[in-house]
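Shown next, in structure tokens, is the structure this report addresses.
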Amino acid sequence: MTSAASRLRGLFVPPADPAARAGYADHPPRVGFFTDTSVCIGCKACEVACKEWNAVPEDGISLSGMSYDNTVGLSASTWRHVAFIERPAGPDADTGPDGHDLSWLMASDVCKHCTDAACLDVCPTGALMRTEFGTVVVQDDICNGCGYCVSACPFGVIGRRPTDGGAHKCTLCYDRIGDGLKPACAKACPTESIQFGPLDELREIAQRRVAELHETGQSEARLYGEDPADGVGGFGAFFLLLDEPEVYGLPPDPQATTRDLGRMWRHAALAAASLAAAVIAASMRGRS
Amino acid sequence: MTGGAGRRGRRGQEAQQVPDAEFSSYYGRPIVRETVWGPDIPSYLFLGGLAGASSGLAAGAHLTGNRELGLAAKAAAAGAISLSMVALVHDLGRPIRFVNMLRVLKVTSPMSVGTWILSAYTPLALTAAGCYLTRKSPLLDTVATIGAAALGPAVASYTGVLLADTATPAWHGAYHELPYLFVGSAASAAGGFGMLAVRPDKARQAVRLAIVGATAELAARHLLERRLGPDAEPYRAGQAGTLMKAAEALTVGGLAGAIVARSHRAAAACSGAALLLGSALTRFGIFEAGRASARDPKYTVGPQRGGLRGRPDREPPAAEVQ
């Protein structure tokens, strides 16, 4: 995969450039999604387009009782998921035709393509890899279905598909973006709630958008995952939210578990040394 | 934040009576994903620990000429690590591709590191047992015995990192203590097996290892629960709590037996069996605690908000409609 020289070079590139860190010397700009949930209308075109383009199998057709959300969550076979949150409307809100005084939050969730991707770090086969675009994909012909990535993801995104035993998740349409096409979900989104592009540009667009919303009095608008200083080094796919992340089923302060790995290994080494010492001590005194 | 997530549309009127909560969730749905690992994995945690510590005990017995204990410990190591490999392969989604583990070595992946440790350790443990049993190739036997004893502690301790290096709240939160808890549990199991298999006058080395191991296991567990405070709830509640309580009782009983009744054959054997079972239940309890902590979003949100600590425990509002 990557040579020692490129790994060494990886030590000297800014952490926000994961493709360079992974050893791509000459690579296209990092791309990602900016999902602006303030304009999401809950049409689920993204879910459908994703399933169609990526030939992702059906994973259960049932009614959840969770508002209009019968998809329930991301999984090995659901790579876009539209959340529906119903709340009491504010005093100025229109009352709907059914008489219910409701306001809506809708948001299309997706793999975050983290700068520090725990799933990729813990993968023991190298099946999960960083692309030249800075995204994270599973190579299905290598994955042996160990399931470690499933437990490592701080967002519960990646899953193991029961029918084939392998781990699957959003590829950010690796097969489309290489040909200059938008990912299927962004292409299908009728309101540009899902925007695709170079991450630097998306961050600027998002900053402008959140400032615009604040000016119109929507002080609850906030960006989620745009900050490279967060626990996963910033998301490759970040969001504009209108409430706390956990309302949408997102972790408020996600951490890449591998950030603590150095300390974990030190504890393990000390524990192993302690066991060795205990064994020697137990064996020595009086051989019986 | 009322109804931010906890409400179902069709029951809106009822849900509005739900009092304000400290934090919300999305219909009570988990945030992180529960592990897809089955009972193979806690079984492996136990067996791998038993094997790793038994190899140390075997080397001690081998080098001091205690053939009975050496044979038992080597047999335990070889048998347990063989079953471990079966469990590890069986748990894969695609078992036929186990060998893909060997195409890379990644220090960022405890599973990768562990696979390489096991790849070196397993042949040594099997060779040490085979040579000792057949009394052939004493030089190879000694080399393999020492090699297995050198790697055994790593086999027993890396599994603490294997669990901790996840987003599973109860496992990651315990990363300071898990390796110590696991080597203690491993030593307790290996010592316990020696007490069970060998008559008391030959089992003194095993008894000493069992006492140190069981004490370390209990101490590490106590430290873990004390440091985590309210966040240790997954270890105390539900099925995990039951397993952990049973494990503690067995380990305490086995430890007491190892101290006071070590020279009585039947009592020592019972104590050894209790320690073995205690070690196994500890692993299953920790495994279950992780699963439970992943299922309930409060264990993910609470520590990230720094909010669950020091506050009376309460269900997230969504739990009421789930």
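Identifiers for the structure tokens are assigned positionally: chains receive A, B, ... in sequence, residues are indexed from 1 per chain, and ligands are indexed from 1 in the order shown.
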
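Of the residues in region 132-178 of chain A, those that DSSP places in helix (DSSP H, G or I) on the basis of the backbone are Tyr148, Cys149, Val150, Ser151, Ala152, Tyr174, Asp175, Arg176 and Ile177 of chain A.
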
| task | Output as a ChimeraX atom specification the set of chain B residues within 6 Å of chain A, with distances taken over only C-alpha atoms. | result | /B:3-5,8-9,24-26,31-33,35,56,60,92-94,97,100-101,108-109,111-112,153-154,157-158,161,165-167,179-180,202,205,208-209,304

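Picture a line from CA of Arg265 (chain B) to CA of Pro200 (chain B); it runs 5.9 Å.
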
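Nearest residue to Arg283 (chain B) among B:Gln239, B:Ser82, B:Ser43, B:Thr142 is B:Ser43, counting only C-alpha atoms.
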
| Residue neighbourhood Val86 (chain B), 10 Å, only C-alpha atoms, exclusion window fewer than 5 positions, as an NGL selection string | :B and (40 or 44 or 80-81 or 91 or 95)

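For the pair CA of Leu118 (chain B) and CA of Val155 (chain B), the interatomic distance is 6.8 Å.
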
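Closest approach to Ile117 (chain B) from the set B:Gly257, B:Pro169, B:Gly65, B:Gly48 is made by B:Gly48, with distances taken over only C-alpha atoms.
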
| query | Can you list, as an MDAnalysis selection string, every protein, DNA or RNA residue that comes within 10 Å of Gly178 (chain A) when you count only C-alpha atoms, leaving out same-chain residues fewer than 6 positions away? | reply | chainID A and resid 28 132:133

Take the selection from the previous step and output its residues with C-alpha atoms, as a CSV table (one decimal), in the first residue's frame.
chain,number,residue,atom,x,y,z
A,28,PRO,CA,-6.9,16.3,-5.7
A,132,GLU,CA,-6.9,10.4,-2.8
A,133,PHE,CA,-9.9,12.6,-2.1

| query | Skipping near chain neighbours, those fewer than 5 positions away, what residues fall within 12 Å of Gln195 (chain A) using only C-alpha atoms, listed as a PyMOL selection string? | reply | chain A and resi 31-37+39-40+46+108+172+182-190+201-203+205-206+236-240

| request: Please report, as a PyMOL selection string, each residue of region 13-113 of chain A to which DSSP assigns strand (DSSP E) when run on this structure's backbone. | output: chain A and resi 31-36+80-88+102-110

Those residues with C-alpha atoms, as a PDB file, in the first residue's frame please?
ATOM      1  CA  VAL A  31     -13.898  16.797  -0.965  1.00  0.00           C
ATOM      2  CA  GLY A  32     -16.912  16.252   1.217  1.00  0.00           C
ATOM      3  CA  PHE A  33     -20.490  17.116   1.999  1.00  0.00           C
ATOM      4  CA  PHE A  34     -22.020  20.127   3.652  1.00  0.00           C
ATOM      5  CA  THR A  35     -25.512  19.086   4.707  1.00  0.00           C
ATOM      6  CA  ASP A  36     -27.561  22.201   5.463  1.00  0.00           C
ATOM      7  CA  ARG A  80     -28.098   8.162   3.832  1.00  0.00           C
ATOM      8  CA  HIS A  81     -30.723   8.493   6.522  1.00  0.00           C
ATOM      9  CA  VAL A  82     -33.245  11.295   6.863  1.00  0.00           C
ATOM     10  CA  ALA A  83     -34.208  11.996  10.467  1.00  0.00           C
ATOM     11  CA  PHE A  84     -37.615  13.518  11.290  1.00  0.00           C
ATOM     12  CA  ILE A  85     -38.045  15.316  14.587  1.00  0.00           C
ATOM     13  CA  GLU A  86     -41.414  16.721  15.620  1.00  0.00           C
ATOM     14  CA  ARG A  87     -41.559  19.482  18.188  1.00  0.00           C
ATOM     15  CA  PRO A  88     -44.137  21.868  19.552  1.00  0.00           C
ATOM     16  CA  LEU A 102     -45.905  21.153  15.179  1.00  0.00           C
ATOM     17  CA  SER A 103     -42.584  22.265  13.876  1.00  0.00           C
ATOM     18  CA  TRP A 104     -40.160  20.017  12.103  1.00  0.00           C
ATOM     19  CA  LEU A 105     -36.508  19.268  12.067  1.00  0.00           C
ATOM     20  CA  MET A 106     -35.329  17.163   9.176  1.00  0.00           C
ATOM     21  CA  ALA A 107     -31.747  16.138   8.522  1.00  0.00           C
ATOM     22  CA  SER A 108     -30.008  13.784   6.147  1.00  0.00           C
ATOM     23  CA  ASP A 109     -27.265  11.913   7.975  1.00  0.00           C
ATOM     24  CA  VAL A 110     -24.292  10.236   6.313  1.00  0.00           C
TER      25      VAL A 110
END

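The spacing separating CA of Lys245 (chain B) from CA of Phe284 (chain B) amounts to 11.6 Å.
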